[in-house]
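Chemist: What follows is start_34.csv; its format and atoms are CSV, C-alpha atoms.
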chain,number,residue,atom,x,y,z
Z,12,MET,CA,-17.3,100.5,26.2
Z,13,SER,CA,-20.0,102.4,28.1
Z,14,THR,CA,-23.2,104.4,27.6
Z,15,VAL,CA,-21.1,107.6,27.9
Z,16,GLN,CA,-21.1,109.6,24.7
Z,17,ARG,CA,-17.6,109.5,23.2
Z,18,ARG,CA,-16.2,112.5,21.4
Z,19,ARG,CA,-14.3,111.9,18.1
Z,20,VAL,CA,-10.5,112.4,18.1
Z,21,VAL,CA,-8.5,113.4,15.0
Z,22,ILE,CA,-4.8,113.8,14.2
Z,23,THR,CA,-4.1,117.4,13.1
Z,24,GLY,CA,-0.3,117.6,13.5
Z,25,MET,CA,2.7,115.3,13.2
Z,26,GLY,CA,6.4,115.5,13.9
Z,27,THR,CA,9.4,113.1,13.9
Z,28,VAL,CA,13.1,112.7,14.2
Z,29,ASN,CA,14.3,109.3,13.1
Z,30,PRO,CA,17.0,107.4,11.1
Z,31,CYS,CA,15.1,108.0,7.8
Z,32,GLY,CA,14.5,111.8,8.2
Z,33,ASN,CA,14.3,114.7,10.6
Z,34,THR,CA,10.8,115.8,9.4
Z,35,VAL,CA,7.6,114.0,8.5
Z,36,PRO,CA,7.8,114.8,4.7
Z,37,GLU,CA,11.4,113.7,4.5
Z,38,THR,CA,10.7,110.5,6.4
Z,39,TRP,CA,7.6,109.6,4.3
Z,40,ASP,CA,9.5,110.2,1.0
Z,41,ASN,CA,12.4,108.0,2.1
Z,42,LEU,CA,10.1,105.3,3.4
Z,43,LEU,CA,8.1,105.1,0.2
Z,44,ALA,CA,11.4,105.0,-1.8
Z,45,GLY,CA,12.6,102.1,0.3
Z,46,LYS,CA,15.6,104.1,1.6
Z,47,SER,CA,17.2,102.5,4.7
Z,48,GLY,CA,18.5,104.6,7.5
Z,49,ILE,CA,20.6,101.8,9.1
Z,50,GLY,CA,24.4,101.8,9.0
Z,51,LEU,CA,27.5,101.2,11.1
Z,52,ILE,CA,27.3,103.0,14.5
Z,53,THR,CA,29.5,106.1,14.4
Z,54,ARG,CA,28.7,107.6,17.8
Z,55,PHE,CA,31.3,105.5,19.7
Z,56,ASP,CA,33.9,102.7,19.1
Z,57,VAL,CA,32.0,99.4,18.5
Z,58,SER,CA,35.1,97.3,18.0
Z,59,ASP,CA,34.4,95.1,21.0
Z,60,PHE,CA,30.7,94.7,20.3
Z,61,ALA,CA,29.1,91.7,18.5
Z,62,CYS,CA,26.6,94.1,17.0
Z,63,LYS,CA,28.1,97.1,15.3
Z,64,ILE,CA,25.0,98.5,13.5
Z,65,GLY,CA,22.1,100.8,14.3
Z,66,GLY,CA,19.6,103.3,13.0
Z,67,GLU,CA,21.2,106.6,14.1
Z,68,VAL,CA,19.5,110.0,13.7
Z,69,LYS,CA,21.6,112.0,11.2
Z,70,GLY,CA,22.3,115.7,11.0
Z,71,PHE,CA,20.2,116.6,14.0
Z,72,GLU,CA,20.7,120.3,15.0
Z,73,PRO,CA,19.3,120.9,18.5
Z,74,ASP,CA,19.9,124.7,18.2
Z,75,ARG,CA,17.0,124.8,15.8
Z,76,TYR,CA,14.6,123.8,18.5
Z,77,ILE,CA,16.2,124.4,21.9
Z,78,ASP,CA,18.3,127.2,23.5
Z,79,LYS,CA,21.9,126.2,24.1
Z,80,LYS,CA,21.5,126.8,27.8
Z,81,GLU,CA,18.4,124.6,28.0
Z,82,GLN,CA,20.1,121.8,26.0
Z,83,LYS,CA,22.4,121.1,29.0
Z,84,LYS,CA,19.3,120.2,31.0
Z,85,MET,CA,18.1,117.6,28.5
Z,86,ASP,CA,19.1,114.1,27.6
Z,87,ILE,CA,19.1,113.5,23.9
Z,88,PHE,CA,15.7,111.7,24.1
Z,89,ILE,CA,14.2,114.9,25.4
Z,90,GLN,CA,15.8,116.9,22.7
Z,91,TYR,CA,14.4,114.6,20.0
Z,92,ALA,CA,10.9,114.9,21.7
Z,93,MET,CA,11.2,118.7,21.6
Z,94,ALA,CA,12.1,118.8,17.9
Z,95,ALA,CA,9.3,116.4,16.9
Z,96,ALA,CA,6.8,118.3,19.1
Z,97,GLN,CA,7.7,121.6,17.5
Z,98,GLU,CA,7.1,120.2,14.0
Z,99,ALA,CA,3.8,118.7,15.2
Z,100,MET,CA,2.6,121.9,16.7
Z,101,GLU,CA,3.6,123.9,13.7
Z,102,ASP,CA,2.0,121.4,11.4
Z,103,ALA,CA,-1.2,121.7,13.4
Z,104,GLY,CA,-1.1,125.4,13.2
Z,105,LEU,CA,-1.0,125.7,16.9
Z,106,ALA,CA,2.6,126.8,17.6
Z,107,GLY,CA,1.9,130.5,17.3
Z,108,MET,CA,-1.8,130.5,18.2
Z,109,GLU,CA,-2.8,132.7,21.2
Z,110,LEU,CA,-4.6,130.3,23.5
Z,111,THR,CA,-6.8,131.4,26.3
Z,112,LYS,CA,-6.2,130.1,29.8
Z,113,ALA,CA,-9.2,127.9,29.5
Z,114,GLU,CA,-7.9,126.5,26.3
Z,115,ARG,CA,-4.5,125.8,27.8
Z,116,GLU,CA,-6.0,124.1,30.7
Z,117,LEU,CA,-7.7,121.6,28.3
Z,118,PHE,CA,-4.5,121.1,26.2
Z,119,GLY,CA,-2.6,118.2,27.6
Z,120,ILE,CA,0.5,116.1,26.9
Z,121,SER,CA,1.5,112.5,27.0
Z,122,ILE,CA,5.0,111.8,25.7
Z,123,GLY,CA,6.6,108.5,26.8
Z,124,SER,CA,9.9,106.7,26.6
Z,125,GLY,CA,10.8,103.1,26.8
Z,126,ILE,CA,14.0,103.7,28.8
Z,127,GLY,CA,14.6,107.4,29.1
Z,128,GLY,CA,17.9,109.1,29.8
Z,129,LEU,CA,20.2,106.1,29.5
Z,130,SER,CA,22.8,108.2,27.6
Z,131,THR,CA,22.9,110.7,30.5
Z,132,ILE,CA,23.3,107.8,33.0
Z,133,TRP,CA,26.2,106.4,30.9
Z,134,GLU,CA,27.9,109.7,30.5
Z,135,GLU,CA,27.6,110.7,34.2
Z,136,ALA,CA,28.7,107.3,35.6
Z,137,HIS,CA,31.5,106.9,33.0
Z,138,GLY,CA,32.9,110.3,34.0
Z,139,TYR,CA,32.0,110.3,37.7
Z,140,ARG,CA,34.1,112.7,39.7
Z,141,GLY,CA,32.5,112.5,43.1
Z,142,PRO,CA,29.3,113.7,44.7
Z,143,ARG,CA,30.2,117.4,44.6
Z,144,ARG,CA,30.9,117.3,40.9
Z,145,THR,CA,27.6,115.7,39.9
Z,146,SER,CA,25.5,117.9,37.6
Z,147,PRO,CA,22.4,119.4,39.2
Z,148,PHE,CA,20.7,118.6,35.9
Z,149,PHE,CA,21.6,114.9,36.0
Z,150,ILE,CA,18.2,113.7,37.4
Z,151,PRO,CA,15.9,116.1,35.5
Z,152,SER,CA,17.6,115.3,32.2
Z,153,LEU,CA,17.0,111.6,32.4
Z,154,ILE,CA,13.5,111.2,34.0
Z,155,ILE,CA,11.0,109.9,31.4
Z,156,ASN,CA,8.2,112.4,32.1
Z,157,LEU,CA,10.5,115.4,31.6
Z,158,ALA,CA,9.9,115.1,27.8
Z,159,SER,CA,6.3,115.9,28.5
Z,160,GLY,CA,7.4,118.4,31.1
Z,161,PHE,CA,9.7,120.4,28.9
Z,162,VAL,CA,7.2,120.5,26.0
Z,163,SER,CA,4.4,121.6,28.2
Z,164,ILE,CA,6.5,124.4,29.6
Z,165,LYS,CA,7.5,125.6,26.1
Z,166,TYR,CA,3.9,125.8,24.9
Z,167,GLY,CA,2.1,126.5,28.2
Z,168,LEU,CA,0.1,123.3,28.1
Z,169,GLN,CA,-1.7,123.0,31.5
Z,170,GLY,CA,-4.0,120.1,30.8
Z,171,PRO,CA,-3.4,116.4,31.7
Z,172,ASN,CA,0.4,115.9,31.8
Z,173,SER,CA,1.7,112.3,31.9
Z,174,ALA,CA,4.3,110.0,30.5
Z,175,VAL,CA,4.0,106.3,29.5
Z,176,ALA,CA,6.8,103.8,29.9
Z,177,THR,CA,5.7,100.5,28.5
Z,178,ALA,CA,8.9,99.5,26.6
Z,179,CYS,CA,8.3,99.1,22.8
Z,180,ALA,CA,4.5,99.7,23.1
Z,181,THR,CA,5.1,103.2,24.8
Z,182,GLY,CA,4.3,105.4,21.8
Z,183,THR,CA,1.1,103.6,20.9
Z,184,HIS,CA,-0.1,103.6,24.5
Z,185,ALA,CA,0.7,107.3,24.9
Z,186,ILE,CA,-1.3,108.1,21.8
Z,187,GLY,CA,-4.2,105.8,22.8
Z,188,ASP,CA,-4.3,107.1,26.3
Z,189,ALA,CA,-4.2,110.7,25.1
Z,190,ALA,CA,-7.1,110.0,22.7
Z,191,ARG,CA,-9.2,108.7,25.6
Z,192,GLN,CA,-8.5,111.9,27.5
Z,193,ILE,CA,-10.2,113.8,24.7
Z,194,MET,CA,-12.9,111.2,24.0
Z,195,PHE,CA,-14.2,111.4,27.6
Z,196,GLY,CA,-13.8,115.2,28.0
Z,197,TYR,CA,-10.7,115.5,30.2
Z,198,ALA,CA,-8.9,117.5,27.4
Z,199,ASP,CA,-9.7,119.1,24.1
Z,200,ARG,CA,-6.2,118.7,22.6
Z,201,MET,CA,-3.2,116.5,23.4
Z,202,VAL,CA,0.4,116.3,22.3
Z,203,ALA,CA,1.2,112.6,22.3
Z,204,GLY,CA,3.9,110.1,21.3
Z,205,GLY,CA,7.2,108.6,22.2
Z,206,SER,CA,10.9,109.3,22.2
Z,207,ASP,CA,14.0,107.1,22.9
Z,208,SER,CA,17.7,107.2,22.3
Z,209,VAL,CA,19.9,104.4,23.8
Z,210,ILE,CA,22.5,103.9,21.1
Z,211,ASN,CA,25.3,104.1,23.6
Z,212,PRO,CA,27.6,101.4,25.1
Z,213,LEU,CA,25.2,100.5,27.9
Z,214,GLY,CA,22.2,100.2,25.6
Z,215,LEU,CA,24.0,98.3,22.9
Z,216,GLY,CA,25.7,96.0,25.4
Z,217,GLY,CA,22.5,95.3,27.3
Z,218,PHE,CA,20.4,94.3,24.3
Z,219,ALA,CA,23.4,92.4,22.8
Z,220,ALA,CA,23.6,90.4,26.1
Z,221,MET,CA,20.0,89.4,25.6
Z,222,ARG,CA,20.9,88.2,22.1
Z,223,ALA,CA,18.1,90.4,20.8
Z,224,LEU,CA,20.2,92.3,18.1
Z,225,SER,CA,21.1,91.4,14.6
Z,226,THR,CA,24.8,90.9,14.0
Z,227,ARG,CA,24.7,91.2,10.2
Z,228,ASN,CA,27.5,93.8,10.4
Z,229,ASP,CA,28.8,93.4,6.9
Z,230,ALA,CA,25.5,94.5,5.4
Z,231,PRO,CA,23.8,97.0,7.7
Z,232,GLU,CA,21.1,98.1,5.3
Z,233,GLN,CA,20.1,94.4,4.9
Z,234,ALA,CA,20.2,93.6,8.6
Z,235,SER,CA,16.6,94.4,9.6
Z,236,ARG,CA,14.6,91.9,7.6
Z,237,PRO,CA,11.1,91.3,9.0
Z,238,PHE,CA,9.3,88.2,7.8
Z,239,ASP,CA,12.4,86.9,6.1
Z,240,LYS,CA,13.7,83.4,6.9
Z,241,GLY,CA,17.2,84.9,7.5
Z,242,ARG,CA,16.2,87.4,10.2
Z,243,ASP,CA,18.5,87.2,13.2
Z,244,GLY,CA,17.3,90.0,15.6
Z,245,PHE,CA,16.3,93.6,15.6
Z,246,VAL,CA,18.4,96.7,14.7
Z,247,MET,CA,18.4,99.4,17.4
Z,248,GLY,CA,17.1,102.7,16.2
Z,249,GLU,CA,16.4,106.1,17.9
Z,250,GLY,CA,14.3,109.1,17.5
Z,251,ALA,CA,10.8,110.5,18.3
Z,252,GLY,CA,7.3,110.4,16.8
Z,253,ILE,CA,4.8,113.0,18.1
Z,254,LEU,CA,1.2,113.8,17.2
Z,255,VAL,CA,-1.2,116.5,18.0
Z,256,LEU,CA,-4.7,115.1,18.7
Z,257,GLU,CA,-7.8,117.2,18.8
Z,258,GLU,CA,-11.5,116.8,19.4
Z,259,TYR,CA,-13.0,116.6,15.9
Z,260,GLU,CA,-15.6,119.4,16.1
Z,261,LEU,CA,-13.0,121.8,17.5
Z,262,ALA,CA,-10.5,120.9,14.8
Z,263,LYS,CA,-13.2,121.2,12.1
Z,264,ALA,CA,-14.3,124.6,13.4
Z,265,ARG,CA,-10.9,126.1,13.1
Z,266,GLY,CA,-10.3,124.7,9.7
Z,267,ALA,CA,-7.5,122.4,10.8
Z,268,LYS,CA,-5.9,119.9,8.4
Z,269,ILE,CA,-6.9,116.4,9.4
Z,270,TYR,CA,-4.8,113.3,8.7
Z,271,ALA,CA,-6.9,110.6,10.2
Z,272,GLU,CA,-9.3,109.8,13.0
Z,273,ILE,CA,-8.3,107.7,16.0
Z,274,ALA,CA,-11.1,105.2,15.7
Z,275,GLY,CA,-10.1,102.5,18.1
Z,276,TYR,CA,-7.5,101.7,20.8
Z,277,GLY,CA,-6.7,98.4,22.5
Z,278,MET,CA,-4.4,97.1,25.2
Z,279,SER,CA,-3.5,93.6,26.4
Z,280,GLY,CA,-1.0,91.7,28.5
Z,281,ASP,CA,0.6,88.4,27.7
Z,282,ALA,CA,1.3,87.3,31.3
Z,283,HIS,CA,3.8,84.9,29.8
Z,284,HIS,CA,7.5,86.0,29.7
Z,285,ILE,CA,9.6,89.1,30.2
Z,286,SER,CA,10.7,89.3,26.5
Z,287,SER,CA,8.9,86.7,24.4
Z,288,PRO,CA,5.2,86.5,23.5
Z,289,SER,CA,3.5,83.1,23.9
Z,290,GLU,CA,3.6,80.9,20.8
Z,291,ASP,CA,-0.1,81.0,20.4
Z,292,GLY,CA,-0.1,84.8,19.8
Z,293,ASP,CA,-2.8,85.2,22.4
Z,294,GLY,CA,-1.7,88.7,23.6
Z,295,PRO,CA,-1.3,90.2,20.1
Z,296,ARG,CA,-4.5,88.6,19.0
Z,297,ARG,CA,-6.5,90.1,21.9
Z,298,VAL,CA,-5.0,93.6,21.5
Z,299,MET,CA,-6.0,93.8,17.8
Z,300,GLN,CA,-9.5,92.5,18.6
Z,301,ALA,CA,-9.8,95.0,21.4
Z,302,ALA,CA,-8.9,97.9,19.1
Z,303,ILE,CA,-11.2,96.7,16.3
Z,304,ARG,CA,-14.0,96.3,18.8
Z,305,ASP,CA,-13.4,99.7,20.2
Z,306,ALA,CA,-13.6,101.2,16.7
Z,307,GLY,CA,-17.0,99.5,16.2
Z,308,ILE,CA,-16.0,97.9,12.9
Z,309,ALA,CA,-15.5,94.5,11.4
Z,310,PRO,CA,-12.0,93.2,10.8
Z,311,GLU,CA,-12.7,93.1,7.1
Z,312,GLN,CA,-12.9,96.9,7.0
Z,313,ILE,CA,-9.2,97.2,7.6
Z,314,GLY,CA,-7.0,97.3,4.6
Z,315,TYR,CA,-3.5,97.8,5.9
Z,316,VAL,CA,-1.6,96.7,9.0
Z,317,ASN,CA,1.6,98.5,10.0
Z,318,ALA,CA,3.1,95.5,11.8
Z,319,HIS,CA,5.3,95.6,14.9
Z,320,GLY,CA,7.6,93.5,12.7
Z,321,THR,CA,10.9,93.8,14.6
Z,322,SER,CA,12.9,91.2,12.6
Z,323,THR,CA,13.2,88.7,15.5
Z,324,PRO,CA,12.7,85.1,14.7
Z,325,ALA,CA,9.9,84.4,17.2
Z,326,GLY,CA,8.2,87.8,17.2
Z,327,ASP,CA,7.5,88.1,13.5
Z,328,ARG,CA,6.2,84.5,13.3
Z,329,ILE,CA,3.9,85.0,16.3
Z,330,GLU,CA,2.6,88.4,15.1
Z,331,CYS,CA,1.7,86.9,11.7
Z,332,SER,CA,-0.1,84.0,13.3
Z,333,ALA,CA,-2.1,86.5,15.5
Z,334,ILE,CA,-3.0,88.5,12.4
Z,335,LYS,CA,-4.3,85.4,10.7
Z,336,GLN,CA,-6.3,84.5,13.8
Z,337,VAL,CA,-7.9,88.0,13.9
Z,338,PHE,CA,-8.7,88.4,10.3
Z,339,GLY,CA,-9.4,84.9,9.1
Z,340,ALA,CA,-9.8,84.6,5.4
Z,341,HIS,CA,-9.4,88.4,5.1
Z,342,ALA,CA,-5.8,88.1,6.1
Z,343,ALA,CA,-5.0,87.0,2.6
Z,344,LYS,CA,-6.3,90.3,1.2
Z,345,LEU,CA,-4.6,92.5,3.8
Z,346,LYS,CA,-1.6,94.7,3.0
Z,347,VAL,CA,1.0,94.4,5.7
Z,348,SER,CA,4.4,96.0,6.1
Z,349,SER,CA,7.1,96.8,8.6
Z,350,SER,CA,8.8,100.2,8.4
Z,351,LYS,CA,11.4,98.9,10.9
Z,352,SER,CA,13.1,97.3,8.0
Z,353,MET,CA,14.3,100.8,7.2
Z,354,THR,CA,14.3,102.7,10.5
Z,355,GLY,CA,15.3,99.9,12.8
Z,356,HIS,CA,13.5,99.6,16.1
Z,357,LEU,CA,12.9,102.9,17.8
Z,358,LEU,CA,11.9,101.2,21.1
Z,359,GLY,CA,9.6,103.6,23.0
Z,360,ALA,CA,9.4,105.9,20.0
Z,361,ALA,CA,8.3,103.1,17.6
Z,362,GLY,CA,4.6,103.5,18.2
Z,363,GLY,CA,4.8,107.3,17.7
Z,364,LEU,CA,6.6,107.0,14.3
Z,365,GLU,CA,4.6,104.0,13.2
Z,366,THR,CA,1.3,105.7,14.0
Z,367,ILE,CA,2.4,108.5,11.8
Z,368,VAL,CA,3.1,106.0,9.0
Z,369,ALA,CA,-0.3,104.4,9.5
Z,370,ALA,CA,-2.0,107.8,9.4
Z,371,LEU,CA,-0.2,108.8,6.2
Z,372,ALA,CA,-1.1,105.4,4.7
Z,373,ALA,CA,-4.7,106.0,5.6
Z,374,LYS,CA,-4.7,109.5,4.1
Z,375,THR,CA,-2.8,108.7,0.9
Z,376,GLY,CA,-3.5,105.1,0.2
Z,377,LYS,CA,0.2,104.4,-0.1
Z,378,ILE,CA,2.2,101.8,1.8
Z,379,PRO,CA,5.9,101.8,2.6
Z,380,PRO,CA,7.5,98.5,1.6
Z,381,THR,CA,9.2,95.9,3.8
Z,382,LEU,CA,12.8,95.7,2.7
Z,383,ASN,CA,15.0,92.7,2.7
Z,384,VAL,CA,12.4,90.0,2.2
Z,385,VAL,CA,14.6,87.8,0.1
Z,386,ASP,CA,13.3,84.4,1.2
Z,387,GLN,CA,9.9,84.9,2.9
Z,388,ASP,CA,9.3,82.8,6.0
Z,389,PRO,CA,6.4,80.4,5.2
Z,390,ASP,CA,5.1,81.1,8.7
Z,391,CYS,CA,4.8,84.7,7.7
Z,392,ASP,CA,2.8,84.1,4.6
Z,393,LEU,CA,1.0,87.4,4.4
Z,394,ASP,CA,1.2,90.2,1.7
Z,395,VAL,CA,4.1,92.0,3.4
Z,396,THR,CA,4.6,94.5,0.6
Z,397,PRO,CA,8.2,93.3,-0.2
Z,398,HIS,CA,10.8,95.6,-1.8
Z,399,THR,CA,8.7,98.4,-3.3
Z,400,ALA,CA,5.9,100.6,-2.0
Z,401,GLY,CA,2.3,99.4,-2.5
Z,402,THR,CA,-1.2,100.8,-2.4
Z,403,PHE,CA,-4.5,99.9,-0.9
Z,404,ASP,CA,-8.1,101.2,-0.9
Z,405,ALA,CA,-9.8,100.9,2.5
Z,406,GLU,CA,-11.2,103.2,5.1
Z,407,TYR,CA,-9.2,101.8,8.1
Z,408,THR,CA,-5.6,101.1,9.0
Z,409,LEU,CA,-4.2,99.4,12.1
Z,410,ASN,CA,-0.9,99.8,13.9
Z,411,ASN,CA,0.6,97.2,16.3
Z,412,ASN,CA,3.3,97.6,18.9
Z,413,PHE,CA,4.4,95.1,21.6
Z,414,GLY,CA,6.8,95.5,24.5
Z,415,PHE,CA,8.9,93.6,27.0
Z,416,GLY,CA,6.9,92.4,29.9
Z,417,GLY,CA,4.1,91.3,27.6
Z,418,THR,CA,2.5,94.7,27.1
Z,419,ASN,CA,0.7,95.3,23.8
Z,420,GLY,CA,-0.9,98.3,22.2
Z,421,CYS,CA,-2.9,98.8,19.0
Z,422,VAL,CA,-4.6,101.7,17.3
Z,423,VAL,CA,-7.1,101.7,14.5
Z,424,LEU,CA,-7.1,104.8,12.3
Z,425,ARG,CA,-9.9,106.0,10.0
Z,426,ARG,CA,-9.4,107.9,6.8
Z,427,LEU,CA,-11.6,111.1,6.7
Take the structure in this file and express it as structure tokens.
Modeler:
Amino acid sequence: MSTVQRRRVVITGMGTVNPCGNTVPETWDNLLAGKSGIGLITRFDVSDFACKIGGEVKGFEPDRYIDKKEQKKMDIFIQYAMAAAQEAMEDAGLAGMELTKAERELFGISIGSGIGGLSTIWEEAHGYRGPRRTSPFFIPSLIINLASGFVSIKYGLQGPNSAVATACATGTHAIGDAARQIMFGYADRMVAGGSDSVINPLGLGGFAAMRALSTRNDAPEQASRPFDKGRDGFVMGEGAGILVLEEYELAKARGAKIYAEIAGYGMSGDAHHISSPSEDGDGPRRVMQAAIRDAGIAPEQIGYVNAHGTSTPAGDRIECSAIKQVFGAHAAKLKVSSSKSMTGHLLGAAGGLETIVAALAAKTGKIPPTLNVVDQDPDCDLDVTPHTAGTFDAEYTLNNNFGFGGTNGCVVLRRL
């Protein structure tokens, strides 16, 4: 990238709330076991909707993370971010650590969301009672950067404070951008990831109108089927995936647990269509190549790809084509899987959760399966780890996420 000396960045804490679990250990166990978190939507009446299924967070107790009075100021996507950030900070051993002012000034935050407070917008508009009855917390509870804001206030983080909003690439971009803050000395530590919750009538109706969603309502757990010939759209999920990133020498000096190193990060734009990648896979190809180049490694050094794998007819085929273009003959040896087959698509939170999955794969050598690959699409002829968890033995893993508007993000992780 430049002649500037880059600092190394490692993951020392992780937290999540998602359809497959409300902690990282619970999620990882369920993913390795192939346990789906997708079912019929219970949050509202879906009788009039063509799609009636989703990946809802279950058993979430905001009182464990947020004072009741404060909850009224937060859309559910912010509450999910607060919960995942708390787990990540505790996991990193930083939640109770007394930080100096200088340390806090170099401890930043970058939590994004694809859509933000759509649930708050729906509730406020649906029950609108005039301008004098509008909640004073309406605007603060729905703004995307308030997830970063509330977490920074809770922990006194005074470093770089930002929020990414790049649709389904949000979480990956937030993590990659945060890593670069540390790499080039603008911060020593960052809390980074994504959070989204739009399982409400507006969200479901909007995506259904685009014909983006699966309508396999009679078999919800089988509806998200990346790489299968019978895939008919994605299943909407919700939740948050948050990481704590630290400069390597700082983390090592305090004896921190290290999951993996952020070895490379790439971004690209399709410049093609608002919701569909180009058939030649040019954008996904270039973003993977950029991340691999940034890591300073050869494609053959990567052993596992956590694919974007949304279960859309065009998207999965094009991603697989791009993988084959990037890896050439090595593509036949790669392990690939899509955890969205169990969680559904967490939109702006997808990259956060799936970077956690890729980091745990790097650390353990285990790979969650891709469920529901009953009749694999010949255009997706990779080893997609169907049905049951797999293993691999390589130093590097890669995570892909692509978003509406042709925005793409990719991170390469290194096992330490």
Chemist: Please list as a list in words every residue within 8 Å of Z:Ala103, counting only C-alpha atoms and excluding residues in the same chain fewer than 6 positions away.
Modeler: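 Answer for this query is Thr23, Gly24, Met25, Val255, Ala267 and Lys268 of chain Z.
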Chemist: Just give me the residues with any atom within 8 Å of (0.1, 80.1, 7.7), file coordinates, counting all atoms listed in the file, written as a ChimeraX atom specification.
Modeler: /Z:332,335,389-392
Chemist: With a distance cut-off of 7 Å and all atoms listed in the file, select the neighbouring residues of Z:Phe413, excluding the residue or stretch itself and same-chain residues fewer than 3 positions from it, and output the selection as a ChimeraX atom specification.
Modeler: /Z:179-180,319,418-420
Chemist: So what do you get for atom CA of Z:Asp327 versus atom CA of Z:Thr226, distance-wise?
Modeler: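 Between atom CA of Z:Asp327 and atom CA of Z:Thr226 the gap works out to 17.5 Å.
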Chemist: Restrict the calculation to only C-alpha atoms, then for each residue of stretch 176-285 of chain Z with any atom at most 9 Å from an atom of stretch 366-383 of chain Z give the closest atom pair and their distance in Å to one decimal, rows by chain and rising residue number, as CSV.
Modeler:
residue,atom,partner,partner_atom,distance
Z:Gly182,CA,Z:Thr366,CA,8.4
Z:Thr183,CA,Z:Thr366,CA,7.2
Z:Ile186,CA,Z:Thr366,CA,8.6
Z:Gly204,CA,Z:Thr366,CA,8.9
Z:Glu232,CA,Z:Asn383,CA,8.6
Z:Gln233,CA,Z:Asn383,CA,5.8
Z:Ala234,CA,Z:Asn383,CA,7.9
Z:Ser235,CA,Z:Asn383,CA,7.3
Z:Arg236,CA,Z:Asn383,CA,5.0
Z:Pro237,CA,Z:Thr381,CA,7.2
Z:Phe238,CA,Z:Thr381,CA,8.7
Z:Asp239,CA,Z:Asn383,CA,7.2
Z:Gly252,CA,Z:Ile367,CA,7.3
Z:Ile253,CA,Z:Ile367,CA,8.1
Z:Leu254,CA,Z:Ile367,CA,7.7
Z:Ile269,CA,Z:Lys374,CA,9.0
Z:Tyr270,CA,Z:Lys374,CA,6.0
Z:Ala271,CA,Z:Ala370,CA,5.7
Z:Glu272,CA,Z:Ala370,CA,8.4
Chemist: So, with all atoms listed in the file as the atoms that count, which of Z:Thr27, Z:Ala203, Z:Ser173, Z:Leu215 lies closest to Z:Phe60?
Modeler: Z:Leu215
Chemist: Would you work out the distance separating atom CA of Z:Thr354 from atom CA of Z:Lys84, expressed in Å to one decimal?
Modeler: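 Atom CA of Z:Thr354 sits 27.4 Å away from atom CA of Z:Lys84.
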Chemist: Using all atoms listed in the file, find the one residue out of Z:Gly66, Z:Ala198, Z:Asn33, Z:Met100 that sits nearest to Z:Gly248.
Modeler: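 Smallest separation from Z:Gly248 among the options: Z:Gly66.
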Chemist: Using all atoms listed in the file, can you tell me which of Z:Ala96, Z:Val209, Z:Val175, Z:Val422 comes closest to Z:Ser124?
Modeler: Z:Val175
Chemist: Which value, in Å to one decimal, gives the distance between atom CA of Z:Ser163 and atom CA of Z:Ile273?
Modeler: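 About the pair atom CA of Z:Ser163 and atom CA of Z:Ile273: they are 22.4 Å apart.
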Chemist: Pick the closest to Z:Leu129 from Z:Asp207, Z:Arg19, Z:Lys351, Z:Leu424: which is it, counting all atoms listed in the file?
Modeler: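 Once distances to Z:Leu129 are computed over all atoms listed in the file, the minimum belongs to Z:Asp207.
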